[in-house]
Structures are given as C-alpha cells and as structure tokens.
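Structure file upload-v1.tsv (TSV, C-alpha atoms and all ligand atoms) is printed below.
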```
chain	number	residue	atom	x	y	z
A	1	MET	CA	3.55	-110.76	11.58
A	2	LEU	CA	2.75	-109.55	8.12
A	3	SER	CA	-0.71	-108.43	9.18
A	4	VAL	CA	0.74	-106.56	12.17
A	5	THR	CA	3.13	-104.70	9.86
A	6	ARG	CA	0.29	-103.78	7.50
A	7	THR	CA	-1.82	-102.57	10.40
A	8	ALA	CA	1.05	-100.43	11.66
A	9	LEU	CA	1.63	-99.02	8.19
A	10	ARG	CA	-2.03	-98.17	7.83
A	11	ALA	CA	-2.03	-96.44	11.22
A	12	ASN	CA	1.10	-94.45	10.33
A	13	PHE	CA	-0.41	-93.52	6.95
A	14	ARG	CA	-3.57	-92.24	8.61
A	15	THR	CA	-1.50	-90.13	11.01
A	16	PHE	CA	0.56	-88.79	8.13
A	17	CYS	CA	-2.51	-87.94	6.07
A	18	THR	CA	-4.25	-86.09	8.85
A	19	THR	CA	-1.22	-83.96	9.69
A	20	VAL	CA	-0.35	-82.83	6.14
A	21	PRO	CA	-1.78	-79.37	5.41
A	22	ARG	CA	-4.35	-79.51	2.60
A	23	ALA	CA	-3.14	-76.57	0.53
A	24	SER	CA	-5.31	-77.64	-2.41
A	25	ALA	CA	-8.61	-77.58	-0.50
A	26	SER	CA	-11.31	-75.67	-2.38
A	27	LEU	CA	-12.71	-72.84	-0.35
A	28	HIS	CA	-15.55	-71.78	-2.60
A	29	THR	CA	-18.34	-73.89	-4.04
A	30	LEU	CA	-21.16	-73.26	-6.50
A	31	PRO	CA	-24.30	-72.40	-4.51
A	32	GLU	CA	-27.53	-74.23	-5.30
A	33	LEU	CA	-30.18	-72.24	-7.14
A	34	PRO	CA	-33.14	-71.51	-4.84
A	35	TYR	CA	-35.54	-72.67	-7.63
A	36	ALA	CA	-35.59	-75.05	-10.61
A	37	TYR	CA	-33.74	-74.18	-13.81
A	38	ASN	CA	-37.02	-73.79	-15.70
A	39	ALA	CA	-38.80	-71.89	-12.93
A	40	LEU	CA	-38.15	-68.43	-14.38
A	41	GLU	CA	-39.68	-69.22	-17.77
A	42	PRO	CA	-40.91	-67.65	-19.97
A	43	TYR	CA	-38.87	-64.63	-18.85
A	44	ILE	CA	-35.50	-66.42	-18.55
A	45	SER	CA	-35.22	-69.75	-20.33
A	46	GLU	CA	-34.11	-73.02	-18.78
A	47	GLU	CA	-31.25	-73.21	-21.29
A	48	ILE	CA	-29.88	-69.83	-20.20
A	49	MET	CA	-30.23	-70.66	-16.51
A	50	LYS	CA	-28.43	-74.00	-16.85
A	51	LEU	CA	-25.52	-72.57	-18.82
A	52	HIS	CA	-25.32	-69.47	-16.69
A	53	HIS	CA	-25.25	-71.36	-13.41
A	54	GLN	CA	-23.48	-74.63	-14.28
A	55	LYS	CA	-20.90	-73.24	-16.71
A	56	HIS	CA	-20.37	-69.53	-16.20
A	57	HIS	CA	-20.76	-69.27	-12.43
A	58	GLN	CA	-18.88	-72.53	-11.97
A	59	ALA	CA	-15.99	-71.09	-14.02
A	60	TYR	CA	-15.75	-68.10	-11.65
A	61	VAL	CA	-15.72	-70.42	-8.63
A	62	THR	CA	-13.02	-72.60	-10.19
A	63	GLY	CA	-10.96	-69.56	-11.21
A	64	LEU	CA	-11.27	-68.00	-7.76
A	65	ASN	CA	-10.13	-71.18	-6.00
A	66	ALA	CA	-7.18	-71.52	-8.38
A	67	ALA	CA	-6.14	-67.89	-7.91
A	68	GLU	CA	-6.42	-68.08	-4.11
A	69	GLU	CA	-4.45	-71.32	-4.03
A	70	ALA	CA	-1.69	-69.84	-6.22
A	71	TYR	CA	-1.64	-66.70	-4.06
A	72	ALA	CA	-1.26	-68.76	-0.87
A	73	LYS	CA	1.56	-70.83	-2.34
A	74	THR	CA	3.81	-68.09	-3.68
A	75	ASP	CA	6.24	-65.90	-1.75
A	76	SER	CA	6.84	-63.69	-4.77
A	77	THR	CA	5.34	-60.23	-4.47
A	78	LYS	CA	5.38	-59.89	-8.24
A	79	GLU	CA	3.41	-63.11	-8.67
A	80	LYS	CA	0.91	-61.92	-6.06
A	81	ILE	CA	0.47	-58.66	-7.97
A	82	VAL	CA	-0.10	-60.60	-11.20
A	83	LEU	CA	-2.81	-62.66	-9.45
A	84	GLN	CA	-4.78	-59.56	-8.41
A	85	SER	CA	-6.73	-59.34	-11.66
A	86	ALA	CA	-7.74	-63.03	-11.53
A	87	LEU	CA	-8.85	-62.61	-7.91
A	88	LYS	CA	-10.89	-59.53	-8.76
A	89	PHE	CA	-12.49	-61.00	-11.88
A	90	ASN	CA	-13.33	-64.43	-10.51
A	91	GLY	CA	-14.05	-63.26	-6.97
A	92	GLY	CA	-16.34	-60.55	-8.31
A	93	GLY	CA	-18.03	-63.05	-10.62
A	94	HIS	CA	-18.70	-65.40	-7.70
A	95	ILE	CA	-20.01	-62.62	-5.43
A	96	ASN	CA	-22.19	-61.06	-8.13
A	97	HIS	CA	-23.77	-64.29	-9.35
A	98	SER	CA	-24.40	-65.60	-5.82
A	99	LEU	CA	-26.32	-62.38	-5.19
A	100	PHE	CA	-28.06	-62.44	-8.59
A	101	TRP	CA	-29.67	-65.88	-8.12
A	102	LYS	CA	-31.26	-64.67	-4.89
A	103	ASN	CA	-32.44	-61.51	-6.65
A	104	LEU	CA	-34.71	-63.68	-8.78
A	105	SER	CA	-37.82	-65.70	-7.99
A	106	PRO	CA	-40.44	-67.44	-10.13
A	107	LYS	CA	-43.45	-65.33	-11.08
A	108	SER	CA	-45.63	-67.95	-9.34
A	109	ASP	CA	-43.73	-67.30	-6.11
A	110	LEU	CA	-42.27	-63.89	-5.18
A	111	GLY	CA	-41.26	-62.77	-8.68
A	112	GLY	CA	-42.24	-59.24	-9.62
A	113	LYS	CA	-44.21	-58.50	-6.46
A	114	LEU	CA	-43.30	-55.26	-4.72
A	115	GLU	CA	-45.61	-54.91	-1.76
A	116	ASN	CA	-46.02	-51.93	0.54
A	117	GLY	CA	-43.04	-51.67	2.84
A	118	VAL	CA	-39.74	-49.92	3.40
A	119	LEU	CA	-38.32	-50.77	-0.04
A	120	LYS	CA	-41.33	-49.48	-1.96
A	121	GLN	CA	-41.40	-46.33	0.17
A	122	ALA	CA	-37.69	-45.72	-0.39
A	123	ILE	CA	-38.01	-46.28	-4.16
A	124	GLU	CA	-40.95	-43.85	-4.38
A	125	CYS	CA	-39.06	-41.31	-2.29
A	126	ASP	CA	-35.83	-41.50	-4.32
A	127	PHE	CA	-37.21	-42.13	-7.84
A	128	GLY	CA	-40.73	-40.67	-7.80
A	129	SER	CA	-42.55	-43.93	-8.54
A	130	VAL	CA	-41.85	-47.62	-9.03
A	131	GLU	CA	-42.41	-47.29	-12.79
A	132	ASP	CA	-39.99	-44.35	-13.02
A	133	PHE	CA	-37.45	-46.36	-11.04
A	134	LYS	CA	-37.69	-49.30	-13.45
A	135	LYS	CA	-37.35	-47.01	-16.48
A	136	LYS	CA	-34.29	-45.26	-15.03
A	137	PHE	CA	-32.74	-48.56	-13.95
A	138	ASN	CA	-33.20	-50.05	-17.42
A	139	ALA	CA	-31.87	-46.96	-19.21
A	140	THR	CA	-28.80	-46.81	-16.96
A	141	THR	CA	-28.12	-50.55	-17.22
A	142	ALA	CA	-28.69	-50.71	-20.99
A	143	GLY	CA	-26.13	-47.92	-21.34
A	144	ILE	CA	-23.28	-50.11	-20.10
A	145	GLN	CA	-20.72	-50.49	-22.87
A	146	GLY	CA	-19.67	-54.12	-23.07
A	147	SER	CA	-20.28	-56.44	-20.14
A	148	GLY	CA	-21.20	-55.42	-16.63
A	149	TRP	CA	-23.86	-55.14	-13.96
A	150	GLY	CA	-26.67	-52.72	-13.23
A	151	TRP	CA	-27.34	-52.05	-9.56
A	152	LEU	CA	-29.79	-50.51	-7.20
A	153	GLY	CA	-27.50	-49.63	-4.33
A	154	TYR	CA	-27.89	-48.00	-0.96
A	155	ASN	CA	-25.49	-45.12	-0.44
A	156	PRO	CA	-24.64	-44.96	3.30
A	157	SER	CA	-23.37	-41.35	2.93
A	158	THR	CA	-26.46	-39.86	1.27
A	159	LYS	CA	-28.78	-42.46	2.86
A	160	LYS	CA	-30.49	-42.81	-0.52
A	161	LEU	CA	-31.10	-45.53	-3.04
A	162	GLU	CA	-29.05	-44.84	-6.16
A	163	LEU	CA	-28.47	-46.42	-9.57
A	164	VAL	CA	-24.93	-47.58	-10.22
A	165	THR	CA	-23.18	-49.70	-12.84
A	166	THR	CA	-19.99	-51.72	-12.62
A	167	PRO	CA	-17.92	-53.00	-15.56
A	168	ASN	CA	-16.89	-56.61	-16.14
A	169	GLN	CA	-17.32	-58.60	-12.92
A	170	ASP	CA	-16.42	-55.76	-10.58
A	171	PRO	CA	-18.51	-56.12	-7.43
A	172	LEU	CA	-20.38	-53.09	-6.10
A	173	MET	CA	-18.16	-51.55	-3.43
A	174	SER	CA	-19.30	-47.92	-3.27
A	175	HIS	CA	-22.85	-48.84	-2.23
A	176	VAL	CA	-24.59	-51.69	-0.44
A	177	PRO	CA	-26.03	-53.86	-3.23
A	178	ILE	CA	-29.81	-54.07	-2.96
A	179	LEU	CA	-30.59	-55.41	-6.44
A	180	GLY	CA	-28.22	-56.43	-9.22
A	181	VAL	CA	-28.89	-57.37	-12.85
A	182	ASP	CA	-26.36	-59.22	-14.98
A	183	ILE	CA	-26.00	-57.53	-18.36
A	184	TRP	CA	-23.36	-59.88	-19.76
A	185	GLU	CA	-24.52	-61.37	-23.05
A	186	HIS	CA	-24.43	-64.87	-21.52
A	187	ALA	CA	-27.36	-63.75	-19.31
A	188	PHE	CA	-29.77	-63.08	-22.18
A	189	TYR	CA	-28.38	-63.63	-25.71
A	190	LEU	CA	-29.75	-67.14	-26.32
A	191	GLN	CA	-33.27	-65.84	-25.74
A	192	TYR	CA	-33.23	-62.12	-26.48
A	193	LYS	CA	-30.36	-61.96	-29.00
A	194	ASN	CA	-28.99	-58.40	-29.12
A	195	VAL	CA	-32.13	-56.74	-27.74
A	196	LYS	CA	-31.05	-55.82	-24.21
A	197	ALA	CA	-34.19	-53.72	-23.73
A	198	ASP	CA	-36.44	-56.79	-24.04
A	199	TYR	CA	-34.37	-58.71	-21.47
A	200	LEU	CA	-34.43	-55.75	-19.09
A	201	GLY	CA	-38.16	-55.31	-19.63
A	202	ALA	CA	-38.90	-58.98	-18.93
A	203	ILE	CA	-36.69	-59.43	-15.88
A	204	TRP	CA	-38.93	-57.36	-13.63
A	205	ASN	CA	-41.43	-60.23	-13.75
A	206	VAL	CA	-38.99	-62.40	-11.81
A	207	ILE	CA	-37.29	-59.89	-9.54
A	208	ASN	CA	-37.42	-60.92	-5.89
A	209	PHE	CA	-38.22	-57.64	-4.15
A	210	LYS	CA	-38.55	-59.39	-0.78
A	211	GLU	CA	-34.86	-60.30	-0.93
A	212	ALA	CA	-34.00	-56.74	-1.98
A	213	GLU	CA	-36.00	-55.36	0.92
A	214	LYS	CA	-34.15	-57.62	3.37
A	215	ARG	CA	-30.86	-56.16	2.15
A	216	LEU	CA	-32.14	-52.61	2.50
A	217	VAL	CA	-33.39	-53.26	6.04
A	218	LYS	CA	-30.02	-54.77	6.98
A	219	ALA	CA	-28.13	-51.85	5.39
A	220	THR	CA	-30.14	-49.25	7.26
A	221	SER	CA	-30.40	-50.90	10.68
B	1	FE	FE	-23.45	-63.90	-15.57
```

Please render this file's structure as structure tokens.
Ligand SMILES: [Fe+2]
Amino acid sequence: MLSVTRTALRANFRTFCTTVPRASASLHTLPELPYAYNALEPYISEEIMKLHHQKHHQAYVTGLNAAEEAYAKTDSTKEKIVLQSALKFNGGGHINHSLFWKNLSPKSDLGGKLENGVLKQAIECDFGSVEDFKKKFNATTAGIQGSGWGWLGYNPSTKKLELVTTPNQDPLMSHVPILGVDIWEHAFYLQYKNVKADYLGAIWNVINFKEAEKRLVKATS
C-alpha cells in the first residue's frame, strides 16, 4: 500500500514538474571557441583568451539571461525601461564577442590570409589597397576614446565597405558587420599594456578573412 502511494506521488510529481513553466531557463550560453586558447599565440596570449572568453564573455551571457528573465517577469513599464541598458550592454557584449571569436583564426590555419576573391576586391575598391585598409582601420579603431569596437561594415545604402566604431558594447546596427575588433583593455592589456597600436598591428596575423568574406557574400546576395 505504501509503495503504491509512493508510486502515485512520484507520478503526480512528474506531471506537476513537466507542466510548470520554466521561467528561469537560460536562453543564452557561452559558445565554444573554434580553436584552442593558446592557438592565437604569440599574437594573442593564452592568458588573455582564457580570461576574455571564460570570464568576460561569460559575464555578458549571464547578465543578458538575468536581464531577459527580469524583463519577462515584470509587468511594470518603468522596470522594463530600467532594464533596457542592461539588455543593450550584455546583449551587445554577447553578440559582439560571439562574432569576434569567429573573426579570428590561428596563423597556422586561416589567420592573416586574404586570398583573391570578393572581399579582397571590395577592400581594394573602397580603400585603395589592403595595406591602406589596415592602416585606416587601425587609425580609426585606435581613436576610440575609452572602450569600444572597431568595425569593417558593409553599408547597404552606399553598397560600400566602410570603417565604423561603436562605443562600449553597442553592436553594429548601421552596417552589416564584416569584421570586428575588440578594443576594450581586457582584450589586450595583459600582453600589450597601454600600447593599442601594437595590439592592432599584431591582430592582422590572426584575422580570419574567410569568415569576413562569407559575411560580405551573405550581405550582398
Ligand atoms: Fe571583450
């Protein structure tokens, strides 16, 4: 009799559990890096990559899930307005970093290799040469005051590649992001200290132009 009661209780509990809405379910998760933490050395150190991915990006994911959960739970318009900045900051951080990891590749793999194709042609058309493009990109990105992101973006109105910057963790909305570089100090300070120019000079060795070209092809097709 006792065992029957326990069985019934367990059955009822299972039914109860499966019918309760899971308001606390996490919607966003930290994506895996497409290479090892030390794979971008000597240009970006293992220490930076571990901290950047496991701590910083994870914090944006955690913050975004918390903000979305709080937004879903409240009926207060004022509280929803207050949550906007957390959604923008953490959501932008998650979007930007997810894109950034794919922008990079070890030198022994795709890193730094810009082969003949639509991206190279477009860069030469819009910036004169690949070297001029890199110089302009670095100058524009180094000019960001405080933390932010430097972008090569495709402008659907002008149908050109253009250099853009965004402050903080604002995602690129005015253009289709083709290539993004994180210029927050957490992305380079442990290795390059305050010399942004050295970080920006080195990163081209591990830029994944194949991924950038895929984005450009998608944006223009
Ligand atoms: Fe970052």

In Å, how far is it from atom CA of A:Gly93 to atom CA of A:His57?
-> 7.0 Å

Contact table chain A vs ligand FE 1 (chain B), cut-off 10 Å, shortest pair per residue, only C-alpha atoms and all ligand atoms, as a tab-separated table:
```
residue	atom	partner	partner_atom	distance
A:Ile48	CA	B:FE1	FE	9.9
A:Met49	CA	B:FE1	FE	9.6
A:Leu51	CA	B:FE1	FE	9.5
A:His52	CA	B:FE1	FE	6.0
A:His53	CA	B:FE1	FE	8.0
A:Lys55	CA	B:FE1	FE	9.7
A:His56	CA	B:FE1	FE	6.4
A:His57	CA	B:FE1	FE	6.8
A:Tyr60	CA	B:FE1	FE	9.6
A:Gly93	CA	B:FE1	FE	7.4
A:His94	CA	B:FE1	FE	9.3
A:Asn96	CA	B:FE1	FE	8.1
A:His97	CA	B:FE1	FE	6.2
A:Ser98	CA	B:FE1	FE	9.9
A:Phe100	CA	B:FE1	FE	8.5
A:Trp101	CA	B:FE1	FE	9.9
A:Ser147	CA	B:FE1	FE	9.3
A:Gly148	CA	B:FE1	FE	8.8
A:Trp149	CA	B:FE1	FE	8.9
A:Asn168	CA	B:FE1	FE	9.8
A:Gln169	CA	B:FE1	FE	8.5
A:Val181	CA	B:FE1	FE	8.9
A:Asp182	CA	B:FE1	FE	5.5
A:Ile183	CA	B:FE1	FE	7.4
A:Trp184	CA	B:FE1	FE	5.8
A:Glu185	CA	B:FE1	FE	8.0
A:His186	CA	B:FE1	FE	6.1
A:Ala187	CA	B:FE1	FE	5.4
A:Phe188	CA	B:FE1	FE	9.2
```

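Minimum atom-to-atom distance to A:Val195, evaluated using all atoms listed in the file, belongs to A:Ala142 out of A:Leu152, A:Ser157, A:Ala142, A:Gly180.
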
Show which residues sit within 12 Å of A:Gln84, as number ranges by chain. Count only C-alpha atoms, and ignore same-chain residues fewer than 5 positions away.
-> A: 64, 67-68, 70-71, 77-79, 89-92

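In terms of minimum interatomic distance to A:Asp109, A:Asn205 ranks closest within A:Asn205, A:Gln54, A:Ser45, A:Thr141, counting all atoms listed in the file.
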
For A:His175, list every protein, DNA or RNA residue within 12 Å, evaluated using only C-alpha atoms, and leave out those in the same chain fewer than 6 positions away; present the list as a PyMOL selection string.
-> chain A and resi 151-166+215-216+219-220

If you measure from atom CA of A:Glu69 to atom CA of A:Leu33, what distance in Å do you get, rounded to one decimal?
->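 Separation between atom CA of A:Glu69 and atom CA of A:Leu33: 25.9 Å.
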
Choose the residue, out of A:Leu40, A:Ala66, A:Leu190, A:Leu30, that has the smallest atom-to-atom separation from A:Gly112; count all atoms listed in the file.
-> A:Leu40

Computed gap from atom CA of A:Trp204 to atom CA of A:Gln191 is 15.8 Å

From the list A:Lys107, A:Gly201, A:Glu46, A:Pro171, which residue is nearest A:Glu131 when using all atoms listed in the file?
->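 Closest candidate: A:Gly201.
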
Give me stretch 101-124 of chain A with N, CA and C atoms filled in, as a compact mmCIF listing (two decimals), in the coordinates of the input.
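Final file, rebuild-v8.txt:
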```txt
# COMPACT_ATOMS: atom_id res chain seq x y z
N TRP A 101 -28.70 -64.78 -8.20
CA TRP A 101 -29.67 -65.88 -8.12
C TRP A 101 -30.73 -65.59 -7.07
N LYS A 102 -30.30 -64.98 -5.96
CA LYS A 102 -31.26 -64.67 -4.89
C LYS A 102 -32.12 -63.47 -5.23
N ASN A 103 -31.66 -62.67 -6.19
CA ASN A 103 -32.44 -61.51 -6.65
C ASN A 103 -33.65 -61.92 -7.48
N LEU A 104 -33.66 -63.20 -7.87
CA LEU A 104 -34.71 -63.68 -8.78
C LEU A 104 -35.62 -64.67 -8.07
N SER A 105 -36.85 -64.74 -8.53
CA SER A 105 -37.82 -65.70 -7.99
C SER A 105 -38.87 -65.96 -9.06
N PRO A 106 -39.40 -67.18 -9.14
CA PRO A 106 -40.44 -67.44 -10.13
C PRO A 106 -41.63 -66.50 -9.97
N LYS A 107 -42.26 -66.20 -11.10
CA LYS A 107 -43.45 -65.33 -11.08
C LYS A 107 -44.53 -65.93 -10.18
N SER A 108 -44.61 -67.27 -10.16
CA SER A 108 -45.63 -67.95 -9.34
C SER A 108 -45.32 -67.87 -7.85
N ASP A 109 -44.12 -67.42 -7.52
CA ASP A 109 -43.73 -67.30 -6.11
C ASP A 109 -43.63 -65.80 -5.77
N LEU A 110 -42.42 -65.29 -5.57
CA LEU A 110 -42.27 -63.89 -5.18
C LEU A 110 -41.98 -62.96 -6.35
N GLY A 111 -41.73 -63.55 -7.53
CA GLY A 111 -41.26 -62.77 -8.68
C GLY A 111 -42.15 -61.59 -9.05
N GLY A 112 -41.55 -60.43 -9.13
CA GLY A 112 -42.24 -59.24 -9.62
C GLY A 112 -43.12 -58.53 -8.61
N LYS A 113 -43.25 -59.08 -7.42
CA LYS A 113 -44.21 -58.50 -6.46
C LYS A 113 -43.50 -57.54 -5.49
N LEU A 114 -43.83 -56.27 -5.63
CA LEU A 114 -43.30 -55.26 -4.72
C LEU A 114 -44.44 -54.76 -3.85
N GLU A 115 -44.50 -55.27 -2.63
CA GLU A 115 -45.61 -54.91 -1.76
C GLU A 115 -45.26 -53.68 -0.94
N ASN A 116 -46.27 -53.11 -0.30
CA ASN A 116 -46.02 -51.93 0.54
C ASN A 116 -45.03 -52.27 1.64
N GLY A 117 -44.06 -51.42 1.82
CA GLY A 117 -43.04 -51.67 2.84
C GLY A 117 -41.91 -50.68 2.66
N VAL A 118 -40.83 -50.90 3.39
CA VAL A 118 -39.74 -49.92 3.40
C VAL A 118 -39.06 -49.78 2.03
N LEU A 119 -38.97 -50.87 1.27
CA LEU A 119 -38.32 -50.77 -0.04
C LEU A 119 -39.17 -49.94 -1.00
N LYS A 120 -40.44 -50.23 -1.06
CA LYS A 120 -41.33 -49.48 -1.96
C LYS A 120 -41.34 -48.00 -1.57
N GLN A 121 -41.40 -47.73 -0.30
CA GLN A 121 -41.40 -46.33 0.17
C GLN A 121 -40.11 -45.63 -0.24
N ALA A 122 -38.99 -46.32 -0.06
CA ALA A 122 -37.69 -45.72 -0.39
C ALA A 122 -37.57 -45.49 -1.90
N ILE A 123 -38.06 -46.44 -2.70
CA ILE A 123 -38.01 -46.28 -4.16
C ILE A 123 -38.87 -45.08 -4.59
N GLU A 124 -40.06 -44.98 -4.02
CA GLU A 124 -40.95 -43.85 -4.38
C GLU A 124 -40.35 -42.52 -3.93
```
